[in-house]
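Here the structure is laid out as structure tokens; the discussion comes afterwards.
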Amino acid sequence: MSQTYSVSLEKIIENHNLEVVYLPKPADEILITTAEINRPGIVLTGYIDYFDSLRIQILGWTEFGFMRNMSKDERERALGYWLGLKPAAAVVTRGLTIPDYFVDACKKYEVPLLKTDEETSPFLAALIAYLNRELAPRITRHGVLVEVYGEGVLIIGDSGAGKSEAAIELIKRGHRLIADDAVEIRKISDKTLRGNSPTNIRHFIELRGIGIIDARRLFGMGAVKPSEKIDMVIQLEAWDSTKAYDRLGLDNEYVNILGVRVPAISVPITPGRNLAVIVETAAMNNRQKKMGYNAAKDLMVSLGMEDVQPEDKEVDIWKN
């Protein structure tokens with residue numbers, strides 16, 4: 001059974017600068033568990049089938065205009081249908097003046113009432129994006145996440161493989177650190193993963209022989225970033241002379257993380273290899289492939305081997 005995540009109404013209020021009109025209890029005790037948002041137009045007509053009381057309700061000109069044209073009895077009945085279902089919260093947009101009858105109804109049914117000066121559509125988009133991040137399915141894995149030329153690169157491998165050392169070199173070359181040692185990965189959508197560092201170890205890097213360093217203080221604010229999408233995975237592994245390594249890169253290999261396929265490569269480690277340069281090259285090559293260019297395929301064509309087509313392979317390099 002998948003784990004359900006939540007975010008407190010207090011965090012939503014702080015993040016979106018909402019004005020509190022009424023709260024039945026402290027905002028930190030009110031938990032939101034779904035990123036779905038609702039506009040209660042049809043519910044106000046009395047149709048309550050399929051209504052999800054876990055959703056935040058958004059009201060703008062349309063909803064208040066509809067209620068304004070109702071008689072007092074019709075309005076009380078409509079609000080009873082809707083607010084009696086105990087929605088998670090109601091947010092009034094556009095800085096509209098909230099009628100007393102609506103405030104009284106929210107108090108009667110103990111529904112949190114908030115207000116924002118933002119227009120309805122931009123506020124909806126921002127709130128949904130925020131809730132998608134906060135409530136996304138997630139896992140935490142051992143590795144290093146860096147941004148290289150705009151690509152989010154997750155470097156994994158056994159302890160001592162050189163992940164942190166590669167990260168330091170990449171930072172010195174102008175790239176940015178997102179997480180070292182523990183990477184929290186969130187599934188933002190069916191095609192997008194986003195990684196960040198746990199708060200208590202954010203910006204810290206462990207270097208054997210030196211100890212813990214703070215990348216932000218040592219290299220400056222430009223050397224770090226709070227989160228980044230994950231565009232590819234690079235696994236560092238000890239060189240195995242009996243293993244046949246891919247030398248062309250014709251086929252597209254993927255690793256499955258939370259149901260999302262992410263391009264992946266394995267890099268054998270030998271003394272003297274410049275891992276930072278390899279990571280930079282891999283990031284640029286991955287961007288080229290996303291833009292439709294595959295250097296290995298182009299080489300095959302120039303050699304008269306047009307029939308050789310890249311294959312998609314799912315590889316098992318992701319270790320729990």
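Letters A, B, ... mark the chains of the structure tokens in the order given; residue numbers begin at 1 per chain; ligand numbers begin at 1, in order shown.
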For the interface of region 59-170 of chain A with region 220-231 of chain A (cut-off 8 Å, counting only C-alpha atoms), please tabulate each contacting residue of region 59-170 of chain A alongside its nearest pair of atoms and their separation in Å to one decimal, rows sorted by chain and increasing number, as a Markdown table.
```
| residue | atom | partner | partner_atom | distance |
| --- | --- | --- | --- | --- |
| A:Glu147 | CA | A:Glu228 | CA | 7.0 |
| A:Glu151 | CA | A:Asp231 | CA | 5.9 |
| A:Gly152 | CA | A:Ile230 | CA | 4.6 |
| A:Val153 | CA | A:Ile230 | CA | 6.0 |
| A:Leu154 | CA | A:Ile230 | CA | 6.6 |
```
All residues 10 Å or closer to Ser121 (chain A), only C-alpha atoms, same chain fewer than 4 positions away omitted, as a list in words: Ile58, Gly60, Thr93, Arg94, Ala125, Ala126 and Leu127 of chain A
Output file for the selection above: N, CA, C and O atoms, as a CSV table (one decimal), in the first residue's frame:
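Final output, part32.csv:
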```csv
chain,number,residue,atom,x,y,z
A,58,ILE,N,-12.0,26.5,-4.2
A,58,ILE,CA,-11.7,27.9,-4.7
A,58,ILE,C,-12.9,28.6,-5.2
A,58,ILE,O,-13.7,28.1,-6.0
A,60,GLY,N,-14.4,32.4,-6.8
A,60,GLY,CA,-14.1,33.7,-7.4
A,60,GLY,C,-15.4,34.4,-7.7
A,60,GLY,O,-16.5,34.2,-7.1
A,93,THR,N,-10.7,34.2,-3.9
A,93,THR,CA,-9.6,34.8,-4.7
A,93,THR,C,-10.0,36.3,-5.1
A,93,THR,O,-11.1,36.8,-4.8
A,94,ARG,N,-9.1,36.9,-5.8
A,94,ARG,CA,-9.3,38.3,-6.3
A,94,ARG,C,-9.5,39.4,-5.3
A,94,ARG,O,-9.9,40.5,-5.6
A,125,ALA,N,-3.1,27.6,-10.5
A,125,ALA,CA,-2.0,26.9,-11.0
A,125,ALA,C,-0.8,26.8,-10.0
A,125,ALA,O,-0.2,25.8,-9.9
A,126,ALA,N,-0.6,27.9,-9.3
A,126,ALA,CA,0.5,28.0,-8.3
A,126,ALA,C,0.2,27.0,-7.1
A,126,ALA,O,1.1,26.3,-6.7
A,127,LEU,N,-1.1,26.9,-6.7
A,127,LEU,CA,-1.4,26.0,-5.6
A,127,LEU,C,-1.3,24.6,-6.0
A,127,LEU,O,-0.8,23.7,-5.2
```
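Between CA of Leu299 (chain A) and CA of Ile155 (chain A) lies a distance of 27.9 Å.
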With distances taken over only C-alpha atoms, which of A:Leu135, A:Leu85, A:Leu59, A:Ile185 is nearest to Thr97 (chain A)? A:Leu59
Among region 24-192 of chain A, which ones does DSSP assign to strand (DSSP E or B) (computed from the backbone)? Answer as an MDAnalysis selection string. chainID A and resid 31:32 37:38 56:59 89:92 113:115 138:148 151:157 176:189 192
Show which residues sit within 10 Å of region 262-279 of chain A, as an MDAnalysis selection string. Count only C-alpha atoms, and ignore same-chain residues fewer than 4 positions away. chainID A and resid 146 148 153:157 161:163 165:173 191:193 230:241 243 245:246 249 252:257 283:286 312:318
Find the residues near Pro198 (chain A): any atom within 10 Å, counting only C-alpha atoms, skip ones fewer than 3 places away on the same chain, and give them as a PyMOL selection string. chain A and resi 140+179-184+195+201-203+226
Write out, as a CSV table (one decimal), in the first residue's frame, the residues just selected, with C-alpha atoms.
```
chain,number,residue,atom,x,y,z
A,140,THR,CA,15.3,8.6,-0.4
A,179,ALA,CA,22.3,16.9,-2.6
A,180,ASP,CA,25.2,14.7,-1.3
A,181,ASP,CA,24.9,11.3,0.4
A,182,ALA,CA,21.0,11.2,0.6
A,183,VAL,CA,18.8,12.3,-2.3
A,184,GLU,CA,15.1,12.6,-1.7
A,195,GLY,CA,15.4,15.6,-6.3
A,201,ILE,CA,22.2,17.9,5.6
A,202,ARG,CA,21.5,20.4,2.8
A,203,HIS,CA,24.7,21.9,1.2
A,226,PRO,CA,17.6,23.6,-3.4
```
